[in-house]
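Enquirer: Input structure: data.txt, which contains compact mmCIF, C-alpha atoms and all ligand atoms.
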# COMPACT_ATOMS: atom_id res chain seq x y z
CA MET A 526 -14.69 -36.12 8.48
CA CYS A 527 -16.47 -37.39 11.61
CA LYS A 528 -14.25 -39.48 13.90
CA ILE A 529 -15.52 -42.07 16.37
CA LEU A 530 -13.67 -43.98 19.05
CA VAL A 531 -15.21 -47.31 20.09
CA THR A 532 -13.42 -48.56 23.20
CA ASP A 533 -15.17 -51.69 24.25
CA GLY A 534 -16.45 -53.60 21.26
CA MET A 535 -19.37 -53.11 18.93
CA ASN A 536 -21.22 -55.25 16.40
CA ASN A 537 -19.05 -55.59 13.25
CA ASN A 538 -21.90 -54.83 10.83
CA ALA A 539 -22.60 -51.63 12.71
CA ILE A 540 -18.94 -50.61 12.48
CA ASN A 541 -19.01 -51.31 8.73
CA ASN A 542 -22.21 -49.30 8.38
CA LEU A 543 -20.61 -46.38 10.17
CA ARG A 544 -17.62 -46.59 7.83
CA LYS A 545 -20.04 -46.59 4.87
CA LEU A 546 -21.26 -43.23 6.17
CA ASN A 547 -17.69 -42.06 5.57
CA ILE A 548 -16.90 -42.00 9.27
CA GLU A 549 -13.46 -42.82 10.62
CA VAL A 550 -13.88 -45.47 13.31
CA GLU A 551 -11.05 -46.34 15.69
CA HIS A 552 -11.81 -49.51 17.57
CA LYS A 553 -9.45 -49.92 20.52
CA PHE A 554 -9.64 -50.02 24.30
CA TYR A 555 -8.21 -47.02 26.14
CA ASP A 556 -8.88 -45.93 29.70
CA GLY A 557 -8.09 -43.11 32.12
CA LEU A 558 -6.29 -40.01 30.92
CA GLU A 559 -4.98 -41.86 27.88
CA LEU A 560 -8.60 -42.18 26.78
CA GLY A 561 -9.04 -38.44 27.34
CA GLU A 562 -6.02 -37.75 25.13
CA ARG A 563 -7.26 -40.09 22.39
CA LEU A 564 -10.54 -38.21 22.37
CA GLN A 565 -8.90 -34.89 21.58
CA ASP A 566 -9.53 -35.34 17.85
CA LYS A 567 -12.75 -37.43 18.07
CA ASP A 568 -16.34 -36.26 17.66
CA ILE A 569 -18.01 -39.28 19.25
CA LEU A 570 -17.09 -41.84 21.91
CA VAL A 571 -18.85 -45.21 22.14
CA ILE A 572 -18.41 -47.15 25.40
CA ARG A 573 -19.90 -50.04 27.36
CA SER A 574 -19.68 -50.51 31.14
CA LYS A 575 -15.91 -51.06 31.34
CA ASN A 576 -14.87 -47.41 31.04
CA VAL A 577 -15.65 -44.97 33.81
CA ILE A 578 -15.93 -41.53 32.29
CA THR A 579 -14.82 -39.14 35.01
CA LYS A 580 -14.49 -35.35 35.14
CA ALA A 581 -10.71 -35.74 34.61
CA ILE A 582 -11.21 -37.73 31.39
CA ILE A 583 -13.81 -35.24 30.15
CA ASP A 584 -11.46 -32.33 30.92
CA LYS A 585 -8.60 -34.03 29.06
CA ALA A 586 -10.86 -34.77 26.08
CA CYS A 587 -12.12 -31.17 26.03
CA GLU A 588 -8.58 -29.89 25.47
CA GLY A 589 -9.12 -31.00 21.89
CA ASN A 590 -12.48 -29.25 21.67
CA THR A 591 -13.93 -31.83 19.26
CA LEU A 592 -15.89 -34.28 21.42
CA LYS A 593 -19.64 -33.68 21.12
CA LEU A 594 -21.33 -36.98 21.86
CA ILE A 595 -20.86 -39.96 24.17
CA ILE A 596 -22.91 -43.02 23.28
CA ARG A 597 -23.38 -45.61 26.01
CA SER A 598 -23.76 -48.79 24.04
CA GLY A 599 -26.32 -50.28 26.43
CA VAL A 600 -28.48 -48.97 29.23
CA GLY A 601 -26.64 -47.96 32.42
CA LEU A 602 -25.26 -44.44 32.58
CA ASP A 603 -23.81 -44.88 36.07
CA ASN A 604 -20.27 -45.07 34.66
CA ILE A 605 -20.45 -41.61 33.06
CA ASP A 606 -20.43 -38.24 34.80
CA VAL A 607 -23.37 -37.19 32.63
CA LYS A 608 -23.96 -33.86 34.40
CA TYR A 609 -20.36 -32.76 33.93
CA ALA A 610 -20.27 -33.92 30.30
CA ASN A 611 -23.43 -31.92 29.60
CA GLU A 612 -21.94 -28.86 31.32
CA LYS A 613 -19.02 -29.18 28.91
CA GLY A 614 -21.40 -29.27 25.95
CA ILE A 615 -21.10 -33.03 25.39
CA ARG A 616 -24.36 -34.89 24.89
CA VAL A 617 -24.71 -38.35 26.43
CA VAL A 618 -27.16 -40.93 25.07
CA ASN A 619 -27.76 -44.63 25.64
CA THR A 620 -29.56 -47.42 23.76
CA PRO A 621 -32.23 -48.25 26.35
CA ASN A 622 -34.42 -50.74 24.48
CA ALA A 623 -32.00 -53.02 22.72
CA SER A 624 -30.97 -55.41 25.48
CA THR A 625 -34.23 -55.73 27.42
CA ARG A 626 -35.11 -59.21 26.21
CA SER A 627 -31.58 -60.55 26.78
CA VAL A 628 -31.37 -59.32 30.37
CA ALA A 629 -34.86 -60.65 31.11
CA GLU A 630 -34.02 -64.07 29.64
CA LEU A 631 -30.84 -64.30 31.72
CA THR A 632 -32.89 -63.45 34.81
CA ILE A 633 -35.40 -66.22 34.14
CA GLY A 634 -32.53 -68.59 33.34
CA GLN A 635 -30.91 -67.84 36.68
CA ILE A 636 -34.21 -68.28 38.52
CA PHE A 637 -34.22 -71.90 37.33
CA THR A 638 -30.48 -72.27 37.87
CA ILE A 639 -30.63 -71.39 41.55
CA SER A 640 -33.93 -73.08 42.36
CA ARG A 641 -32.80 -76.42 40.87
CA PHE A 642 -29.12 -76.48 41.94
CA ILE A 643 -27.98 -76.36 38.31
CA ASN A 644 -24.94 -74.22 39.04
CA ILE A 645 -23.64 -76.19 42.00
CA SER A 646 -24.35 -79.53 40.26
CA ASN A 647 -22.04 -78.46 37.45
CA ILE A 648 -19.30 -77.88 39.98
CA THR A 649 -19.76 -80.88 42.25
CA MET A 650 -20.33 -83.44 39.48
CA ARG A 651 -17.07 -82.40 37.86
CA ASN A 652 -15.49 -83.20 41.22
CA GLY A 653 -16.95 -86.69 41.10
CA GLN A 654 -19.87 -86.12 43.49
CA TRP A 655 -23.43 -87.43 42.91
CA ASN A 656 -25.49 -85.23 45.25
CA LYS A 657 -28.94 -86.32 44.11
CA LYS A 658 -30.37 -86.48 47.63
CA GLN A 659 -29.02 -83.09 48.74
CA TYR A 660 -30.19 -81.14 45.72
CA VAL A 661 -33.95 -81.14 46.16
CA GLY A 662 -35.06 -77.95 44.48
CA THR A 663 -38.28 -76.04 44.24
CA GLU A 664 -40.73 -75.38 41.38
CA VAL A 665 -41.30 -71.78 40.41
CA PHE A 666 -44.97 -72.43 39.63
CA ASP A 667 -47.28 -70.64 42.09
CA LYS A 668 -44.34 -68.95 43.86
CA THR A 669 -44.25 -65.20 44.33
CA LEU A 670 -41.72 -63.23 42.33
CA GLY A 671 -40.98 -59.79 43.78
CA ILE A 672 -39.67 -57.30 41.24
CA ILE A 673 -38.03 -54.06 42.31
CA GLY A 674 -38.38 -51.73 39.32
CA LEU A 675 -41.04 -52.33 36.68
CA GLY A 676 -39.24 -50.61 33.82
CA ARG A 677 -38.58 -52.22 30.45
CA ILE A 678 -36.60 -55.15 31.87
CA GLY A 679 -38.82 -55.54 34.94
CA LYS A 680 -41.93 -55.71 32.75
CA THR A 681 -40.39 -58.31 30.45
CA VAL A 682 -39.32 -60.46 33.42
CA ALA A 683 -42.81 -60.03 34.91
CA LYS A 684 -44.47 -61.26 31.71
CA MET A 685 -42.24 -64.31 31.43
CA ALA A 686 -42.67 -65.17 35.13
CA HIS A 687 -46.44 -64.74 34.92
CA ASP A 688 -46.50 -67.05 31.89
CA LEU A 689 -44.59 -69.60 33.99
CA GLY A 690 -47.36 -69.50 36.60
CA MET A 691 -45.61 -67.27 39.13
CA LYS A 692 -47.48 -64.62 41.10
CA VAL A 693 -45.81 -61.29 40.39
CA ILE A 694 -45.65 -58.45 42.91
CA TYR A 695 -43.65 -55.31 42.24
CA TYR A 696 -42.52 -51.99 43.58
CA ASP A 697 -41.61 -49.08 41.33
CA ILE A 698 -40.62 -45.56 42.28
CA LEU A 699 -43.21 -44.30 39.76
CA GLY A 700 -46.02 -46.10 41.59
CA GLU A 701 -48.63 -48.47 40.23
CA MET A 702 -48.43 -49.01 36.47
CA ILE A 703 -51.60 -48.72 34.42
CA GLY A 704 -52.32 -51.73 32.22
CA TYR A 705 -50.40 -54.26 34.33
CA GLN A 706 -53.24 -55.70 36.38
CA ASN A 707 -51.74 -59.22 36.24
CA TYR A 708 -49.10 -58.01 38.67
CA THR A 709 -49.70 -56.57 42.13
CA PHE A 710 -48.18 -53.23 43.09
CA CYS A 711 -46.89 -53.15 46.69
CA SER A 712 -44.70 -50.95 48.83
CA PHE A 713 -40.98 -51.72 48.71
CA GLU A 714 -41.24 -53.29 52.18
CA GLU A 715 -44.24 -55.45 51.18
CA VAL A 716 -42.33 -56.79 48.19
CA LEU A 717 -39.41 -57.67 50.47
CA LYS A 718 -41.70 -59.36 52.99
CA ASN A 719 -43.73 -61.44 50.53
CA ALA A 720 -41.39 -62.52 47.74
CA ASP A 721 -40.17 -66.11 47.41
CA PHE A 722 -37.93 -64.96 44.58
CA LEU A 723 -36.68 -61.36 44.46
CA THR A 724 -35.12 -59.64 41.47
CA ILE A 725 -33.87 -56.05 41.07
CA HIS A 726 -34.22 -54.05 37.85
CA ILE A 727 -33.44 -50.43 38.66
CA PRO A 728 -30.56 -48.16 37.65
CA LEU A 729 -27.79 -47.13 40.03
CA GLU A 730 -27.82 -43.40 40.60
CA ILE A 731 -24.67 -41.42 41.35
CA ASP A 732 -23.88 -41.42 45.10
CA GLN A 733 -26.73 -43.86 45.71
CA GLU A 734 -26.54 -45.85 48.92
CA TYR A 735 -27.16 -49.60 48.98
CA LEU A 736 -30.77 -50.54 48.29
CA ILE A 737 -30.38 -53.94 49.94
CA THR A 738 -28.45 -54.35 53.19
CA LYS A 739 -28.77 -56.51 56.27
CA LYS A 740 -31.87 -54.52 57.27
CA GLU A 741 -33.68 -55.38 54.03
CA PHE A 742 -32.50 -59.02 54.03
CA ASN A 743 -33.91 -59.34 57.56
CA MET A 744 -37.31 -58.13 56.36
CA MET A 745 -37.52 -60.96 53.83
CA LYS A 746 -38.99 -64.41 54.36
CA ASP A 747 -36.50 -67.14 55.17
CA ARG A 748 -34.88 -68.96 52.24
CA VAL A 749 -35.55 -66.42 49.48
CA TYR A 750 -33.99 -66.77 46.02
CA PHE A 751 -32.29 -63.47 45.24
CA ILE A 752 -31.25 -62.18 41.81
CA ASN A 753 -29.27 -59.03 41.01
CA HIS A 754 -28.75 -58.33 37.32
CA ALA A 755 -29.01 -54.55 37.74
CA ARG A 756 -25.93 -53.04 39.39
CA GLY A 757 -23.54 -54.39 42.01
CA GLY A 758 -23.61 -51.14 43.97
CA LEU A 759 -27.27 -51.69 44.85
CA VAL A 760 -26.55 -54.63 47.14
CA CYS A 761 -24.14 -54.82 50.08
CA GLU A 762 -22.13 -57.93 49.19
CA LYS A 763 -20.93 -58.39 52.77
CA ASP A 764 -24.54 -58.49 54.01
CA LEU A 765 -25.53 -60.81 51.16
CA ILE A 766 -22.87 -63.32 52.24
CA GLU A 767 -24.20 -63.13 55.79
CA ALA A 768 -27.77 -63.64 54.55
CA LEU A 769 -26.67 -66.67 52.53
CA ASP A 770 -24.92 -68.10 55.56
CA ASN A 771 -27.77 -67.54 58.00
CA GLY A 772 -30.43 -68.94 55.65
CA LYS A 773 -32.31 -65.72 54.95
CA ILE A 774 -31.26 -66.19 51.36
CA GLU A 775 -31.44 -69.72 50.02
CA ALA A 776 -29.44 -68.93 46.89
CA ALA A 777 -28.38 -65.91 44.85
CA ALA A 778 -27.72 -65.23 41.18
CA LEU A 779 -25.47 -62.33 40.31
CA ASP A 780 -24.41 -60.77 37.03
CA VAL A 781 -23.10 -57.53 38.55
CA TYR A 782 -20.70 -56.77 41.39
CA GLU A 783 -19.70 -53.91 43.65
CA LYS A 784 -16.23 -53.50 42.08
CA GLU A 785 -16.16 -54.98 38.59
CA PRO A 786 -14.17 -56.69 37.28
CA GLN A 787 -12.77 -57.44 40.74
CA ILE A 788 -14.90 -59.94 42.55
CA ASN A 789 -15.31 -60.88 46.19
CA PRO A 790 -13.91 -64.46 46.39
CA GLU A 791 -16.06 -65.32 49.39
CA LEU A 792 -19.19 -64.37 47.47
CA VAL A 793 -18.42 -65.90 44.10
CA ASN A 794 -17.17 -69.16 45.64
CA HIS A 795 -20.21 -69.52 47.85
CA PRO A 796 -21.87 -72.84 46.96
CA MET A 797 -25.31 -71.23 46.78
CA VAL A 798 -24.32 -68.43 44.41
CA SER A 799 -24.59 -68.61 40.62
CA ILE A 800 -22.47 -66.02 38.85
CA THR A 801 -21.98 -64.56 35.40
CA PRO A 802 -19.50 -61.81 34.41
CA HIS A 803 -21.94 -58.97 33.57
CA LEU A 804 -23.39 -60.87 30.61
CA GLY A 805 -26.92 -59.40 30.65
CA ALA A 806 -26.61 -57.67 27.28
CA SER A 807 -24.09 -60.10 25.82
CA THR A 808 -26.16 -61.86 23.20
CA VAL A 809 -25.79 -61.75 19.44
CA GLU A 810 -29.27 -60.26 19.14
CA ALA A 811 -28.86 -57.54 21.76
CA GLN A 812 -25.50 -56.45 20.38
CA GLU A 813 -26.94 -56.38 16.86
CA ARG A 814 -29.85 -54.20 18.01
CA ILE A 815 -27.50 -51.96 19.99
CA GLY A 816 -25.25 -51.59 16.92
CA ASN A 817 -28.22 -50.65 14.73
CA GLU A 818 -29.39 -48.11 17.31
CA ILE A 819 -25.93 -46.56 17.45
CA VAL A 820 -25.80 -46.21 13.67
CA LYS A 821 -29.16 -44.37 13.81
CA ILE A 822 -27.94 -42.10 16.62
CA VAL A 823 -24.79 -41.25 14.66
CA TYR A 824 -26.75 -40.70 11.46
CA ASN A 825 -29.09 -38.25 13.23
CA PHE A 826 -26.11 -36.56 14.87
CA LEU A 827 -24.46 -36.03 11.46
CA GLU A 828 -27.68 -34.61 10.02
CA GLU A 829 -28.01 -32.16 12.93
CA GLU A 830 -24.38 -31.14 12.53
CA THR A 831 -24.89 -30.47 8.82
CA ILE A 832 -27.99 -28.35 9.55
CA ASN A 833 -26.06 -26.43 12.24
CA ASP A 834 -23.16 -25.85 9.83
CA MET A 835 -25.60 -24.59 7.20
CA LYS A 836 -27.17 -22.20 9.74
CA ILE A 837 -23.72 -20.89 10.65
CA ALA A 838 -22.85 -20.43 6.96
CA LEU A 839 -26.05 -18.42 6.44
C1 LIG B 901 -26.18 -52.19 30.43
O1 LIG B 901 -26.19 -51.27 31.26
O2 LIG B 901 -26.55 -52.02 29.26
C2 LIG B 901 -25.77 -53.55 30.85
O3 LIG B 901 -25.37 -53.56 32.18
C3 LIG B 901 -24.74 -54.16 29.95
O4 LIG B 901 -23.50 -53.54 30.04
P1 LIG B 901 -22.35 -53.91 28.99
O5 LIG B 901 -22.67 -53.19 27.72
O6 LIG B 901 -21.08 -53.42 29.58
O7 LIG B 901 -22.39 -55.38 28.81
Just dump the structure as structure tokens.
Ligand code: 3PG
Expert:
Amino acid sequence: MCKILVTDGMNNNAINNLRKLNIEVEHKFYDGLELGERLQDKDILVIRSKNVITKAIIDKACEGNTLKLIIRSGVGLDNIDVKYANEKGIRVVNTPNASTRSVAELTIGQIFTISRFINISNITMRNGQWNKKQYVGTEVFDKTLGIIGLGRIGKTVAKMAHDLGMKVIYYDILGEMIGYQNYTFCSFEEVLKNADFLTIHIPLEIDQEYLITKKEFNMMKDRVYFINHARGGLVCEKDLIEALDNGKIEAAALDVYEKEPQINPELVNHPMVSITPHLGASTVEAQERIGNEIVKIVYNFLEEETINDMKIAL
């Protein structure tokens, strides 16, 4: 019987569907070496961003010699030592499409939140203040949105922003994208220099240095609206605080942080910062799609295993 450990939550229907496939599903959070031990009789591990799957955990799991597949329920693989897992014969897959819309919608939501003082109004009004005169925002119409990374999420954000009347410029490591003539491809530096709003949608690679530091903030226009819903490790939080204080950045929206779930109090309490606790993929719809994708991945895995077993028997 195939055994799966789900550490960090999964859509209930998907869990039931897995059980209907006669799979034993344990649904409980473990971390560190305890997680490794718990994997010693499991075939598949399903995680989100909370677990960091290190060499030590993989080694511990491999003592059981059963683990064959790690499914990252979501997109980012930066919390898994994928190379080492593969070396140990463990496949690692993610569910890259399922949460695109949700992350893009949160990004657009935060663009309005920070350009119209929605976040800070919620805080100050609860403290009895009526700051109507101070909170003069800006329309997004006709403003330039700079997107770093025109992948699935970047493209969806670009479409929504374009529909809102924003001019979209973008940089992508793969170069200019064919079929996206509504948006202007620029160098990374040109995007930094010309954006009124700047949003990042790229993965964090292992050992990657900050993408945005003081140097990059200083290349930007004054009073830029800055959004990071990608990975905390891409932006130097210390330099972001400085940029907020010296007016380079007018306001920032963050869903991800350098050391989650720990947060930098100076950053998250900054009046011009709107924060969410890594909620990009946390919608009913995204989690439902992710669950369905996981069931398909597991189904295919079981079919492959059966074929392999048959080959061995022959
Ligand atoms: C992702 O990489 O899919 C997102 O950052 C969401 O992560 P989560 O599954 O931990 O919410």
Enquirer: With a distance cut-off of 10 Å and all atoms listed in the file, select the neighbouring residues of stretch 714-720 of chain A, excluding the residue or stretch itself and same-chain residues fewer than 6 positions from it, and output the selection as a list in words.
Expert: Lys668, Thr669, Leu670, Gly671, Ile672, Ile673, Lys692, Val693, Ile694, Tyr695, Tyr696, Ile737, Glu741, Phe742, Asn743, Met744, Met745, Lys746, Asp747, Val749, Tyr750 and Phe751 of chain A
Enquirer: Do you have the atom CA of A:Cys761-atom CA of A:Ala777 distance handy?
Expert: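 Rounded to one decimal, the two atoms are 13.0 Å apart.
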Enquirer: Write out as a ChimeraX atom specification which residues come within 10 Å of A:Gln733 when counting only C-alpha atoms, dropping same-chain ones fewer than 5 positions away.
Expert: /A:728,758-759
Enquirer: Could you report the residues within 6 Å of ligand LIG 901 (chain B), using only C-alpha atoms and all ligand atoms, as a ChimeraX atom specification?
Expert: /A:573-575,598-601,803-807
Enquirer: Let me make sure I understand: among A:Gly679, A:Ala581, A:Ile548, A:Asn576, which one has the smallest atom-to-atom distance to A:Pro786 if we use only C-alpha atoms?
Expert: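 Once distances to A:Pro786 are computed over only C-alpha atoms, the minimum belongs to A:Asn576.
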